[in-house]
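Pasted below: my_file-v1.cif, mmCIF, C-alpha atoms.
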data_coords
#
loop_
_atom_site.label_atom_id
_atom_site.label_comp_id
_atom_site.auth_asym_id
_atom_site.auth_seq_id
_atom_site.Cartn_x
_atom_site.Cartn_y
_atom_site.Cartn_z
CA MET A 1 106.16 105.85 57.29
CA GLN A 2 108.63 108.07 55.43
CA THR A 3 109.16 105.55 52.67
CA LYS A 4 109.94 108.26 50.12
CA THR A 5 113.16 109.40 51.78
CA ILE A 6 115.05 106.35 50.51
CA PRO A 7 114.30 105.82 46.80
CA PRO A 8 113.72 102.15 45.97
CA VAL A 9 116.75 100.71 44.21
CA LYS A 10 114.86 98.87 41.47
CA LYS A 11 113.16 101.99 40.12
CA ARG A 12 116.33 104.00 40.21
CA GLY A 13 117.35 104.17 36.61
CA ARG A 14 117.69 103.31 33.00
CA PRO A 15 120.65 101.17 31.89
CA ARG A 16 122.79 104.25 31.32
CA SER A 17 122.11 105.45 34.84
CA GLN A 18 122.94 102.02 36.24
CA ARG A 19 126.23 102.03 34.39
CA ALA A 20 127.03 105.42 35.87
CA GLU A 21 126.20 104.11 39.34
CA GLN A 22 128.47 101.12 38.91
CA ALA A 23 131.28 103.36 37.64
CA ILE A 24 130.86 105.65 40.66
CA LEU A 25 130.94 102.74 43.14
CA LYS A 26 133.99 101.25 41.43
CA ALA A 27 135.84 104.58 41.47
CA ALA A 28 134.95 105.12 45.12
CA ASN A 29 136.28 101.69 46.02
CA GLU A 30 139.54 102.27 44.20
CA LEU A 31 140.07 105.63 45.88
CA LEU A 32 139.18 104.21 49.29
CA ALA A 33 141.79 101.49 48.84
CA GLU A 34 144.41 103.90 47.49
CA SER A 35 144.13 106.81 49.85
CA GLY A 36 141.53 106.13 52.55
CA LEU A 37 138.29 107.78 53.51
CA ALA A 38 139.73 111.04 54.84
CA ALA A 39 141.64 111.83 51.64
CA MET A 40 138.95 110.69 49.20
CA THR A 41 136.92 113.51 47.58
CA ILE A 42 133.70 113.55 45.55
CA GLU A 43 135.61 115.49 42.85
CA GLU A 44 138.10 112.65 42.45
CA VAL A 45 135.39 110.02 42.38
CA ALA A 46 133.48 111.97 39.71
CA ALA A 47 136.59 112.46 37.59
CA ARG A 48 137.58 108.80 37.75
CA ALA A 49 134.03 107.58 37.08
CA GLY A 50 133.64 109.99 34.16
CA VAL A 51 130.52 111.62 35.56
CA GLY A 52 129.64 115.05 36.91
CA LYS A 53 129.54 115.75 40.66
CA ALA A 54 125.78 116.27 40.36
CA SER A 55 125.39 112.65 39.25
CA ILE A 56 126.93 111.59 42.54
CA TYR A 57 125.00 113.98 44.76
CA ARG A 58 121.73 112.91 43.11
CA ARG A 59 122.38 109.43 44.51
CA TRP A 60 124.34 110.00 47.73
CA SER A 61 123.94 112.81 50.20
CA SER A 62 127.50 112.61 51.53
CA LYS A 63 130.93 111.22 50.84
CA ALA A 64 130.53 108.81 53.75
CA SER A 65 127.29 107.28 52.48
CA LEU A 66 128.86 106.76 49.03
CA ALA A 67 132.04 105.31 50.53
CA PHE A 68 130.18 102.91 52.81
CA ASP A 69 127.84 101.72 50.02
CA ALA A 70 130.85 101.10 47.81
CA PHE A 71 132.66 99.32 50.61
CA VAL A 72 129.84 97.03 51.70
CA ASP A 73 129.26 95.72 48.14
CA GLN A 74 132.88 94.67 47.89
CA PHE A 75 133.20 93.49 51.47
CA LEU A 76 130.19 91.16 51.22
CA ALA A 77 131.07 89.83 47.77
CA GLY A 78 133.08 86.93 49.25
CA GLN A 79 130.65 86.23 52.09
CA PRO A 80 127.49 84.64 50.67
CA ILE A 81 124.76 83.42 53.02
CA ARG A 82 125.33 79.68 53.34
CA ASP A 83 122.81 76.98 54.21
CA THR A 84 124.79 74.08 55.67
CA GLY A 85 121.83 72.58 57.55
CA SER A 86 122.99 73.47 61.08
CA LEU A 87 123.48 76.67 63.05
CA ARG A 88 127.06 75.75 63.93
CA GLY A 89 127.80 74.97 60.28
CA ASP A 90 126.26 78.23 59.05
CA LEU A 91 128.12 80.28 61.66
CA LEU A 92 131.40 78.52 60.97
CA ALA A 93 131.11 79.06 57.19
CA PHE A 94 130.34 82.69 57.82
CA VAL A 95 133.22 83.23 60.29
CA ARG A 96 135.64 81.56 57.86
CA ASP A 97 134.41 83.74 54.96
CA TRP A 98 134.78 86.84 57.13
CA ILE A 99 138.32 85.94 58.17
CA ARG A 100 139.34 85.22 54.58
CA THR A 101 137.84 88.53 53.39
CA VAL A 102 139.55 90.53 56.13
CA LYS A 103 142.93 88.87 55.63
CA ARG A 104 143.08 88.61 51.85
CA THR A 105 141.01 91.25 50.06
CA PRO A 106 141.52 95.01 49.57
CA SER A 107 138.13 95.77 51.13
CA GLY A 108 139.00 93.58 54.10
CA ARG A 109 142.20 95.50 54.62
CA ALA A 110 140.22 98.78 54.42
CA LEU A 111 137.93 97.71 57.27
CA SER A 112 140.15 98.71 60.19
CA GLY A 113 140.75 102.19 58.73
CA LEU A 114 137.03 102.77 58.25
CA ILE A 115 136.22 101.67 61.78
CA ALA A 116 138.91 103.95 63.20
CA ALA A 117 137.52 106.89 61.17
CA VAL A 118 133.98 106.13 62.29
CA GLN A 119 134.90 106.15 65.96
CA SER A 120 136.05 109.74 66.00
CA ASP A 121 133.15 111.24 64.02
CA PRO A 122 129.48 110.98 65.04
CA GLU A 123 128.21 111.77 61.52
CA LEU A 124 130.33 109.02 60.02
CA ALA A 125 129.17 106.70 62.79
CA ALA A 126 125.53 107.33 61.88
CA ALA A 127 126.17 106.66 58.18
CA TRP A 128 128.18 103.54 59.09
CA ARG A 129 125.34 102.13 61.16
CA GLU A 130 122.77 102.85 58.43
CA ARG A 131 124.78 101.79 55.38
CA PHE A 132 126.90 98.96 56.77
CA ILE A 133 125.78 97.54 60.11
CA SER A 134 122.01 97.58 59.44
CA ARG A 135 122.41 96.10 55.99
CA VAL A 136 124.69 93.27 57.11
CA ARG A 137 122.62 92.55 60.21
CA LYS A 138 119.41 92.27 58.22
CA GLN A 139 121.05 89.77 55.91
CA ARG A 140 122.71 87.73 58.69
CA ARG A 141 119.64 87.42 60.91
CA GLN A 142 118.39 84.83 58.40
CA VAL A 143 120.89 82.32 59.79
CA VAL A 144 119.38 82.60 63.26
CA GLU A 145 115.79 82.60 61.96
CA ARG A 146 116.44 79.40 60.00
CA ALA A 147 117.80 77.68 63.13
CA ILE A 148 114.57 78.60 64.95
CA VAL A 149 112.46 77.23 62.06
CA ARG A 150 114.47 73.97 62.13
CA GLY A 151 113.77 73.70 65.87
CA GLU A 152 117.49 73.77 66.61
CA ILE A 153 117.21 76.74 68.97
CA PRO A 154 114.12 78.02 70.82
CA ALA A 155 111.75 80.61 69.39
CA GLY A 156 112.42 83.98 71.00
CA SER A 157 116.20 83.62 70.71
CA ASP A 158 117.61 87.11 70.16
CA PRO A 159 119.42 87.23 66.78
CA ASP A 160 121.24 90.44 67.68
CA LEU A 161 122.72 88.86 70.81
CA LEU A 162 124.17 86.02 68.73
CA LEU A 163 125.50 88.43 66.13
CA ASP A 164 127.00 90.78 68.76
CA LEU A 165 128.90 87.83 70.22
CA LEU A 166 130.03 86.64 66.82
CA TYR A 167 131.11 89.97 65.29
CA GLY A 168 132.36 91.12 68.66
CA ALA A 169 134.79 88.22 69.02
CA LEU A 170 136.03 88.68 65.45
CA TYR A 171 136.53 92.45 65.65
CA HIS A 172 138.06 92.17 69.12
CA ARG A 173 140.75 89.74 67.99
CA TYR A 174 141.33 91.58 64.74
CA LEU A 175 141.33 95.19 65.92
CA HIS A 176 141.89 95.41 69.65
CA ILE A 177 144.17 92.61 70.73
CA GLN A 178 145.47 91.64 67.31
CA SER A 179 145.58 87.95 68.08
CA PRO A 180 145.71 85.58 65.12
CA LEU A 181 142.37 84.73 63.46
CA THR A 182 143.03 80.99 63.35
CA ASP A 183 140.66 78.25 62.23
CA ARG A 184 140.66 76.92 65.80
CA PHE A 185 139.33 80.30 66.87
CA ALA A 186 136.69 80.24 64.10
CA GLN A 187 135.53 76.83 65.29
CA GLY A 188 135.47 77.88 68.92
CA VAL A 189 133.34 80.96 68.21
CA ALA A 190 130.85 78.99 66.08
CA SER A 191 130.65 76.16 68.64
CA MET A 192 130.17 78.43 71.65
CA ILE A 193 127.41 80.52 70.06
CA ALA A 194 125.55 77.52 68.62
CA ALA A 195 125.75 75.60 71.92
CA GLY A 196 124.69 78.60 74.01
CA ALA A 197 121.71 79.26 71.74
CA ALA A 198 120.76 75.54 71.67
CA ALA A 199 120.65 75.63 75.49
CA GLY A 200 118.11 78.47 75.28
CA ALA A 201 120.52 81.10 76.60
CA ALA A 202 119.66 83.60 73.85
CA VAL A 203 116.04 83.85 75.00
CA PRO A 204 115.74 86.88 77.29
CA ARG A 205 114.68 86.04 80.84
CA ARG A 206 111.34 87.56 81.86
CA PRO A 207 111.03 89.49 84.03
CA PRO A 208 114.70 90.54 84.09
CA SER A 209 116.09 89.67 87.51
CA ALA A 210 118.04 92.36 89.30
CA ALA A 211 120.70 90.04 90.71
CA ALA A 212 122.75 87.17 89.38
CA MET B 1 164.25 83.42 81.87
CA GLN B 2 164.95 87.14 81.49
CA THR B 3 163.42 88.00 84.82
CA LYS B 4 165.66 91.01 85.26
CA THR B 5 164.21 93.00 82.36
CA ILE B 6 161.09 93.83 84.36
CA PRO B 7 162.09 94.95 87.88
CA PRO B 8 159.83 93.40 90.53
CA VAL B 9 157.36 95.95 91.84
CA LYS B 10 157.84 95.16 95.53
CA LYS B 11 161.55 95.94 95.53
CA ARG B 12 161.07 99.12 93.57
CA GLY B 13 161.42 101.71 96.18
CA ARG B 14 161.44 103.37 99.52
CA PRO B 15 158.29 105.14 100.69
CA ARG B 16 159.40 108.40 99.08
CA SER B 17 159.82 106.67 95.75
CA GLN B 18 156.40 105.07 96.09
CA ARG B 19 154.84 108.43 96.77
CA ALA B 20 156.50 109.80 93.64
CA GLU B 21 155.15 106.89 91.63
CA GLN B 22 151.62 107.47 92.88
CA ALA B 23 151.90 111.18 92.12
CA ILE B 24 153.10 110.40 88.58
CA LEU B 25 150.24 107.95 87.94
CA LYS B 26 147.69 110.40 89.30
CA ALA B 27 149.03 113.27 87.18
CA ALA B 28 149.05 111.05 84.09
CA ASN B 29 145.44 110.08 84.69
CA GLU B 30 144.35 113.67 85.10
CA LEU B 31 146.10 114.73 81.92
CA LEU B 32 144.70 111.75 80.00
CA ALA B 33 141.19 112.73 81.04
CA GLU B 34 141.74 116.42 80.33
CA SER B 35 143.48 116.34 76.99
CA GLY B 36 143.86 112.76 75.75
CA LEU B 37 146.85 110.60 74.97
CA ALA B 38 148.06 112.48 71.88
CA ALA B 39 148.28 115.82 73.68
CA MET B 40 149.71 114.50 76.95
CA THR B 41 153.47 115.05 77.43
CA ILE B 42 156.00 113.65 79.90
CA GLU B 43 156.97 117.27 80.72
CA GLU B 44 153.43 118.06 81.82
CA VAL B 45 153.14 114.89 83.86
CA ALA B 46 156.45 115.66 85.60
CA ALA B 47 155.45 119.25 86.34
CA ARG B 48 152.07 118.27 87.76
CA ALA B 49 153.50 115.40 89.82
CA GLY B 50 156.29 117.62 91.16
CA VAL B 51 159.07 115.31 89.98
CA GLY B 52 161.83 115.51 87.39
CA LYS B 53 161.45 113.92 83.96
CA ALA B 54 164.22 111.48 84.89
CA SER B 55 162.04 110.12 87.71
CA ILE B 56 159.47 109.18 85.10
CA TYR B 57 161.88 107.73 82.55
CA ARG B 58 163.49 105.59 85.27
CA ARG B 59 160.14 103.84 85.65
CA TRP B 60 158.53 104.00 82.21
CA SER B 61 160.25 103.74 78.86
CA SER B 62 157.58 105.67 76.96
CA LYS B 63 154.61 107.97 77.35
CA ALA B 64 152.31 105.15 76.22
CA SER B 65 153.47 102.66 78.84
CA LEU B 66 153.00 105.28 81.58
CA ALA B 67 149.60 106.30 80.24
CA PHE B 68 148.36 102.71 80.00
CA ASP B 69 149.62 101.80 83.49
CA ALA B 70 147.87 104.87 84.88
CA PHE B 71 144.72 104.06 82.94
CA VAL B 72 144.46 100.41 83.89
CA ASP B 73 144.73 101.14 87.63
CA GLN B 74 141.79 103.51 87.45
CA PHE B 75 139.80 101.46 84.97
CA LEU B 76 139.97 98.29 87.09
CA ALA B 77 139.32 100.06 90.40
CA GLY B 78 135.55 99.55 90.09
CA GLN B 79 135.79 96.03 88.69
CA PRO B 80 136.91 93.66 91.45
CA ILE B 81 137.07 89.93 90.79
CA ARG B 82 133.84 88.53 92.23
CA ASP B 83 133.16 85.02 93.46
CA THR B 84 129.40 84.48 93.19
CA GLY B 85 129.63 80.67 93.13
CA SER B 86 128.67 80.20 89.46
CA LEU B 87 130.26 81.02 86.12
CA ARG B 88 127.15 82.86 84.92
CA GLY B 89 127.04 84.86 88.15
CA ASP B 90 130.74 85.76 87.97
CA LEU B 91 130.47 86.77 84.30
CA LEU B 92 127.31 88.80 84.90
CA ALA B 93 128.85 90.67 87.85
CA PHE B 94 131.88 91.40 85.74
CA VAL B 95 129.89 92.58 82.69
CA ARG B 96 127.78 94.84 84.92
CA ASP B 97 130.90 96.32 86.56
CA TRP B 98 132.43 96.91 83.13
CA ILE B 99 129.32 98.63 81.81
CA ARG B 100 129.08 100.86 84.89
CA THR B 101 132.76 101.79 84.63
CA VAL B 102 132.51 102.62 80.93
CA LYS B 103 129.34 104.64 81.30
CA ARG B 104 130.01 106.49 84.53
CA THR B 105 133.71 107.00 85.26
CA PRO B 106 136.34 109.29 83.68
CA SER B 107 138.59 106.34 82.86
CA GLY B 108 135.65 104.55 81.25
CA ARG B 109 135.00 107.55 79.06
CA ALA B 110 138.70 107.63 78.12
CA LEU B 111 138.59 104.03 76.87
CA SER B 112 137.23 104.71 73.38
CA GLY B 113 139.83 107.42 72.72
CA LEU B 114 142.67 105.12 73.80
CA ILE B 115 141.45 102.28 71.60
CA ALA B 116 141.13 104.62 68.61
CA ALA B 117 144.71 105.87 69.20
CA VAL B 118 146.02 102.33 69.55
CA GLN B 119 144.54 101.23 66.24
CA SER B 120 146.52 103.67 64.15
CA ASP B 121 149.92 103.15 65.81
CA PRO B 122 151.70 99.77 66.02
CA GLU B 123 153.98 100.91 68.89
CA LEU B 124 151.01 102.00 70.94
CA ALA B 125 149.28 98.75 70.08
CA ALA B 126 152.21 96.74 71.45
CA ALA B 127 152.26 98.75 74.70
CA TRP B 128 148.45 98.41 74.98
CA ARG B 129 148.63 94.64 74.67
CA GLU B 130 151.42 94.39 77.23
CA ARG B 131 150.19 96.91 79.78
CA PHE B 132 146.41 96.57 79.48
CA ILE B 133 145.18 93.45 77.68
CA SER B 134 147.70 90.99 79.18
CA ARG B 135 147.24 92.32 82.69
CA VAL B 136 143.44 92.23 82.56
CA ARG B 137 143.38 88.82 80.88
CA LYS B 138 145.65 87.28 83.47
CA GLN B 139 143.36 88.54 86.21
CA ARG B 140 140.10 87.50 84.48
CA ARG B 141 141.18 83.98 83.57
CA GLN B 142 140.66 83.12 87.26
CA VAL B 143 136.91 83.21 86.70
CA VAL B 144 137.15 80.49 84.06
CA GLU B 145 139.67 78.45 86.06
CA ARG B 146 137.40 78.47 89.11
CA ALA B 147 134.48 77.19 86.99
CA ILE B 148 136.68 74.28 85.86
CA VAL B 149 137.68 73.51 89.48
CA ARG B 150 134.00 73.54 90.52
CA GLY B 151 133.28 71.04 87.72
CA GLU B 152 130.86 73.50 86.12
CA ILE B 153 132.65 73.45 82.76
CA PRO B 154 135.02 70.79 81.37
CA ALA B 155 138.78 70.88 81.89
CA GLY B 156 140.49 72.08 78.72
CA SER B 157 137.97 74.90 78.17
CA ASP B 158 139.84 77.78 76.54
CA PRO B 159 139.69 80.84 78.85
CA ASP B 160 140.73 83.20 76.05
CA LEU B 161 137.85 82.06 73.84
CA LEU B 162 135.37 82.90 76.61
CA LEU B 163 137.02 86.27 77.24
CA ASP B 164 137.19 87.12 73.51
CA LEU B 165 133.44 86.51 73.26
CA LEU B 166 132.72 88.50 76.40
CA TYR B 167 134.95 91.54 75.75
CA GLY B 168 134.18 91.33 72.05
CA ALA B 169 130.43 91.68 72.56
CA LEU B 170 130.93 94.57 74.99
CA TYR B 171 133.38 96.52 72.85
CA HIS B 172 131.37 95.83 69.70
CA ARG B 173 128.18 97.31 71.15
CA TYR B 174 130.01 100.17 72.80
CA LEU B 175 132.41 101.20 70.05
CA HIS B 176 131.29 99.88 66.69
CA ILE B 177 127.54 99.81 66.60
CA GLN B 178 126.87 102.05 69.58
CA SER B 179 123.85 100.10 70.74
CA PRO B 180 122.76 100.59 74.33
CA LEU B 181 124.59 98.55 76.97
CA THR B 182 121.41 97.40 78.74
CA ASP B 183 121.11 94.98 81.62
CA ARG B 184 119.19 92.64 79.31
CA PHE B 185 122.27 92.61 77.09
CA ALA B 186 124.56 91.97 80.10
CA GLN B 187 122.42 89.00 81.10
CA GLY B 188 122.31 87.63 77.56
CA VAL B 189 126.10 87.76 77.19
CA ALA B 190 126.71 86.08 80.56
CA SER B 191 124.06 83.39 79.88
CA MET B 192 125.28 82.57 76.38
CA ILE B 193 128.93 82.22 77.38
CA ALA B 194 128.20 80.22 80.54
CA ALA B 195 125.80 77.89 78.68
CA GLY B 196 128.17 77.39 75.73
CA ALA B 197 131.06 76.57 78.06
CA ALA B 198 128.88 74.25 80.20
CA ALA B 199 128.04 72.32 77.00
CA GLY B 200 131.78 71.79 76.43
CA ALA B 201 131.93 74.11 73.41
CA ALA B 202 135.02 75.94 74.69
CA VAL B 203 137.13 72.77 74.55
CA PRO B 204 139.00 72.76 71.22
CA ARG B 205 138.12 69.81 68.95
CA ARG B 206 141.06 67.50 68.24
CA PRO B 207 142.17 67.07 65.56
CA PRO B 208 140.67 70.25 64.09
CA SER B 209 138.28 69.18 61.35
CA ALA B 210 138.63 70.94 58.01
CA ALA B 211 134.90 71.22 57.37
CA ALA B 212 131.85 72.08 59.42
#

For this file, produce the structure as structure tokens.
Amino acid sequence: MQTKTIPPVKKRGRPRSQRAEQAILKAANELLAESGLAAMTIEEVAARAGVGKASIYRRWSSKASLAFDAFVDQFLAGQPIRDTGSLRGDLLAFVRDWIRTVKRTPSGRALSGLIAAVQSDPELAAAWRERFISRVRKQRRQVVERAIVRGEIPAGSDPDLLLDLLYGALYHRYLHIQSPLTDRFAQGVASMIAAGAAAGAAVPRRPPSAAA
Amino acid sequence: MQTKTIPPVKKRGRPRSQRAEQAILKAANELLAESGLAAMTIEEVAARAGVGKASIYRRWSSKASLAFDAFVDQFLAGQPIRDTGSLRGDLLAFVRDWIRTVKRTPSGRALSGLIAAVQSDPELAAAWRERFISRVRKQRRQVVERAIVRGEIPAGSDPDLLLDLLYGALYHRYLHIQSPLTDRFAQGVASMIAAGAAAGAAVPRRPPSAAA
């Protein structure tokens, strides 16, 4: 295990160092919102945060990893993990929080630009998967795991399948077909995924059959 | 009804005109695959098809509408509407055809570039919705309508909700998180959507409740 390649967050610094980190993340977020990922530079972030460039490179190996860390903090701020007591309720709360974030916050409005940038650059794509997708997925799998513990859906249900359907439907409407993200849509997505999982459809068939 | 704004395809031309149209679409496809949408020009298409620019502008109002018409013909060529006798079977056949097209054909490989281009340009986005999304949706809704006629899913099930979940999951894996498009994934998507719809979860709740 190469556990040393990612320094543990809790040991990272003294109060002064933590303040510097917060200032860097804040500056990065402001610059992302103002001018986008392509135009943002480490020099600008350092100047606005009042730190040296070395302070940034000690913590982040690239502009993209800094930008995505800054983005994900803001993006998730309005999307707490909820415990409503049912899978449909948890998914619906989460879809509604996502829609509100995307429609009404600066980080939500930055999302489509980041995804477009990521799609044309394999290095950005790798950083995006590590810093954004993996982090959000890890957090969101809890919702599925709780539904299994409650006995609402069968053990062996694939959390990533549920989350691919959920995020997929949201991103598809938002980015590709630009249909309105209505509350009726939010309810439909939550209902379909909860009902499919309750019917056992998220448990992979073994052995996989070759035909329908 | 403004039926005259879109001339009916069948009345469009004599054989010679149809040959010209096919040559234009073929040239557009080749140039899309070779150099992408941004670099493709009407001049090049005309030269390669052996027609005048006016022949193109008589049929298509913009480069994007020509490119998307050319693309969709090719993209759908390997994805016929199947009738397997069940919603899960129809969806699975369709997801498998989509995955094969995206992975193994030139038009499939062009898809991600077109979607990236569309996201940064509202005019392209409008043409994409009209020429690609609407056309494919209209064709694919049949699968859902047949399942209603068979009594497999309730009347009132929203075809667009099912298709948003299906396309969303595919595009999300393919474009955003770049996870492998495995057959296990294809089966999971088809099973989840068919089971959710069979449980009545694609029928909108009336009146929409404000809470979960």

Item to complete: Pull out every residue of chain A that has at least one atom within 7 Å of chain B, counting only C-alpha atoms, and report them as a count of residues only.
Response: 28

Discussion item. As a ChimeraX atom specification, please: the residues near Gly78 (chain B) (cut-off 9 Å, all atoms listed in the file, same-chain neighbours under 2 positions excluded).
Written reply: /B:74-76,80,97-98,100-101

Could you take the residues named above and write them with C-alpha atoms, as a short mmCIF file (atom, residue, chain, number, x, y, z; two decimals), in the frame of the given file?
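What follows is the written file result-v7.cif:
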data_model
loop_
_atom_site.label_atom_id
_atom_site.label_comp_id
_atom_site.auth_asym_id
_atom_site.auth_seq_id
_atom_site.Cartn_x
_atom_site.Cartn_y
_atom_site.Cartn_z
CA GLN B 74 141.79 103.51 87.45
CA PHE B 75 139.80 101.46 84.97
CA LEU B 76 139.97 98.29 87.09
CA PRO B 80 136.91 93.66 91.45
CA ASP B 97 130.90 96.32 86.56
CA TRP B 98 132.43 96.91 83.13
CA ARG B 100 129.08 100.86 84.89
CA THR B 101 132.76 101.79 84.63
#

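Coordinates place CA of Ala33 (chain A) at a distance of 21.2 Å from CA of Arg19 (chain A).
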
Practice prompt. Go through the shown structure with the PyMOL selection byres ((chain A and resi 68) around 8) and write out the matching residues as a PyMOL selection string.
Written response: chain A and resi 64-67+69-72+127-128+131-132

Store the residues picked out above in a file with C-alpha atoms, as a PDB file, keeping the file's coordinate frame.
ATOM      1  CA  ALA A  64     130.530 108.810  53.750  1.00  0.00           C
ATOM      2  CA  SER A  65     127.290 107.280  52.480  1.00  0.00           C
ATOM      3  CA  LEU A  66     128.860 106.760  49.030  1.00  0.00           C
ATOM      4  CA  ALA A  67     132.040 105.310  50.530  1.00  0.00           C
ATOM      5  CA  ASP A  69     127.840 101.720  50.020  1.00  0.00           C
ATOM      6  CA  ALA A  70     130.850 101.100  47.810  1.00  0.00           C
ATOM      7  CA  PHE A  71     132.660  99.320  50.610  1.00  0.00           C
ATOM      8  CA  VAL A  72     129.840  97.030  51.700  1.00  0.00           C
ATOM      9  CA  ALA A 127     126.170 106.660  58.180  1.00  0.00           C
ATOM     10  CA  TRP A 128     128.180 103.540  59.090  1.00  0.00           C
ATOM     11  CA  ARG A 131     124.780 101.790  55.380  1.00  0.00           C
ATOM     12  CA  PHE A 132     126.900  98.960  56.770  1.00  0.00           C
TER      13      PHE A 132
END

Discussion item. Using Å and a single decimal, report how far CA of Lys63 (chain B) sits from CA of Ala110 (chain B).
Written reply: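 Result for CA of Ala110 (chain B) versus CA of Lys63 (chain B): 15.9 Å, one decimal.
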
Counting only C-alpha atoms, select every polymer residue within 6 Å of (125.7, 108.5, 38.1) as defined in the file's coordinates, and provide the selection as a PDB file with C-alpha atoms, in the coordinates of the input.
ATOM      1  CA  SER A  17     122.110 105.450  34.840  1.00  0.00           C
ATOM      2  CA  ALA A  20     127.030 105.420  35.870  1.00  0.00           C
ATOM      3  CA  GLU A  21     126.200 104.110  39.340  1.00  0.00           C
ATOM      4  CA  SER A  55     125.390 112.650  39.250  1.00  0.00           C
ATOM      5  CA  ILE A  56     126.930 111.590  42.540  1.00  0.00           C
TER       6      ILE A  56
END

Discussion item. Quick check, in Å to one decimal: how far apart do CA of Glu152 (chain A) and CA of Leu87 (chain A) lie?
Written reply: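 For CA of Glu152 (chain A) relative to CA of Leu87 (chain A), the distance reads 7.5 Å.
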
Generate the missing atoms of region 166-181 of chain A up to N, CA and C atoms and report them as a PDB file, in the frame of the given file.
ATOM      1  N   LEU A 166     129.242  87.106  67.947  1.00  0.00           N
ATOM      2  CA  LEU A 166     130.030  86.640  66.820  1.00  0.00           C
ATOM      3  C   LEU A 166     130.924  87.751  66.247  1.00  0.00           C
ATOM      4  N   TYR A 167     130.304  88.860  65.832  1.00  0.00           N
ATOM      5  CA  TYR A 167     131.110  89.970  65.290  1.00  0.00           C
ATOM      6  C   TYR A 167     132.040  90.519  66.351  1.00  0.00           C
ATOM      7  N   GLY A 168     131.548  90.581  67.584  1.00  0.00           N
ATOM      8  CA  GLY A 168     132.360  91.120  68.660  1.00  0.00           C
ATOM      9  C   GLY A 168     133.663  90.353  68.806  1.00  0.00           C
ATOM     10  N   ALA A 169     133.574  89.026  68.857  1.00  0.00           N
ATOM     11  CA  ALA A 169     134.790  88.220  69.020  1.00  0.00           C
ATOM     12  C   ALA A 169     135.741  88.425  67.845  1.00  0.00           C
ATOM     13  N   LEU A 170     135.187  88.490  66.630  1.00  0.00           N
ATOM     14  CA  LEU A 170     136.030  88.680  65.450  1.00  0.00           C
ATOM     15  C   LEU A 170     136.718  90.039  65.468  1.00  0.00           C
ATOM     16  N   TYR A 171     135.939  91.106  65.638  1.00  0.00           N
ATOM     17  CA  TYR A 171     136.530  92.450  65.650  1.00  0.00           C
ATOM     18  C   TYR A 171     137.524  92.593  66.808  1.00  0.00           C
ATOM     19  N   HIS A 172     137.192  92.024  67.958  1.00  0.00           N
ATOM     20  CA  HIS A 172     138.060  92.170  69.120  1.00  0.00           C
ATOM     21  C   HIS A 172     139.437  91.579  68.844  1.00  0.00           C
ATOM     22  N   ARG A 173     139.448  90.349  68.318  1.00  0.00           N
ATOM     23  CA  ARG A 173     140.750  89.740  67.990  1.00  0.00           C
ATOM     24  C   ARG A 173     141.478  90.517  66.910  1.00  0.00           C
ATOM     25  N   TYR A 174     140.721  90.946  65.912  1.00  0.00           N
ATOM     26  CA  TYR A 174     141.330  91.580  64.740  1.00  0.00           C
ATOM     27  C   TYR A 174     141.836  92.982  65.056  1.00  0.00           C
ATOM     28  N   LEU A 175     141.000  93.775  65.736  1.00  0.00           N
ATOM     29  CA  LEU A 175     141.330  95.190  65.920  1.00  0.00           C
ATOM     30  C   LEU A 175     141.980  95.512  67.254  1.00  0.00           C
ATOM     31  N   HIS A 176     141.467  94.907  68.340  1.00  0.00           N
ATOM     32  CA  HIS A 176     141.890  95.410  69.650  1.00  0.00           C
ATOM     33  C   HIS A 176     143.066  94.650  70.236  1.00  0.00           C
ATOM     34  N   ILE A 177     143.061  93.328  70.108  1.00  0.00           N
ATOM     35  CA  ILE A 177     144.170  92.610  70.730  1.00  0.00           C
ATOM     36  C   ILE A 177     145.079  91.999  69.676  1.00  0.00           C
ATOM     37  N   GLN A 178     144.629  92.073  68.418  1.00  0.00           N
ATOM     38  CA  GLN A 178     145.470  91.640  67.310  1.00  0.00           C
ATOM     39  C   GLN A 178     146.058  90.247  67.521  1.00  0.00           C
ATOM     40  N   SER A 179     145.199  89.356  67.999  1.00  0.00           N
ATOM     41  CA  SER A 179     145.580  87.950  68.080  1.00  0.00           C
ATOM     42  C   SER A 179     145.266  87.308  66.731  1.00  0.00           C
ATOM     43  N   PRO A 180     145.945  86.202  66.423  1.00  0.00           N
ATOM     44  CA  PRO A 180     145.710  85.580  65.120  1.00  0.00           C
ATOM     45  C   PRO A 180     144.286  85.045  64.969  1.00  0.00           C
ATOM     46  N   LEU A 181     143.708  85.245  63.777  1.00  0.00           N
ATOM     47  CA  LEU A 181     142.370  84.730  63.460  1.00  0.00           C
ATOM     48  C   LEU A 181     142.543  83.320  62.892  1.00  0.00           C
TER      49      LEU A 181
END
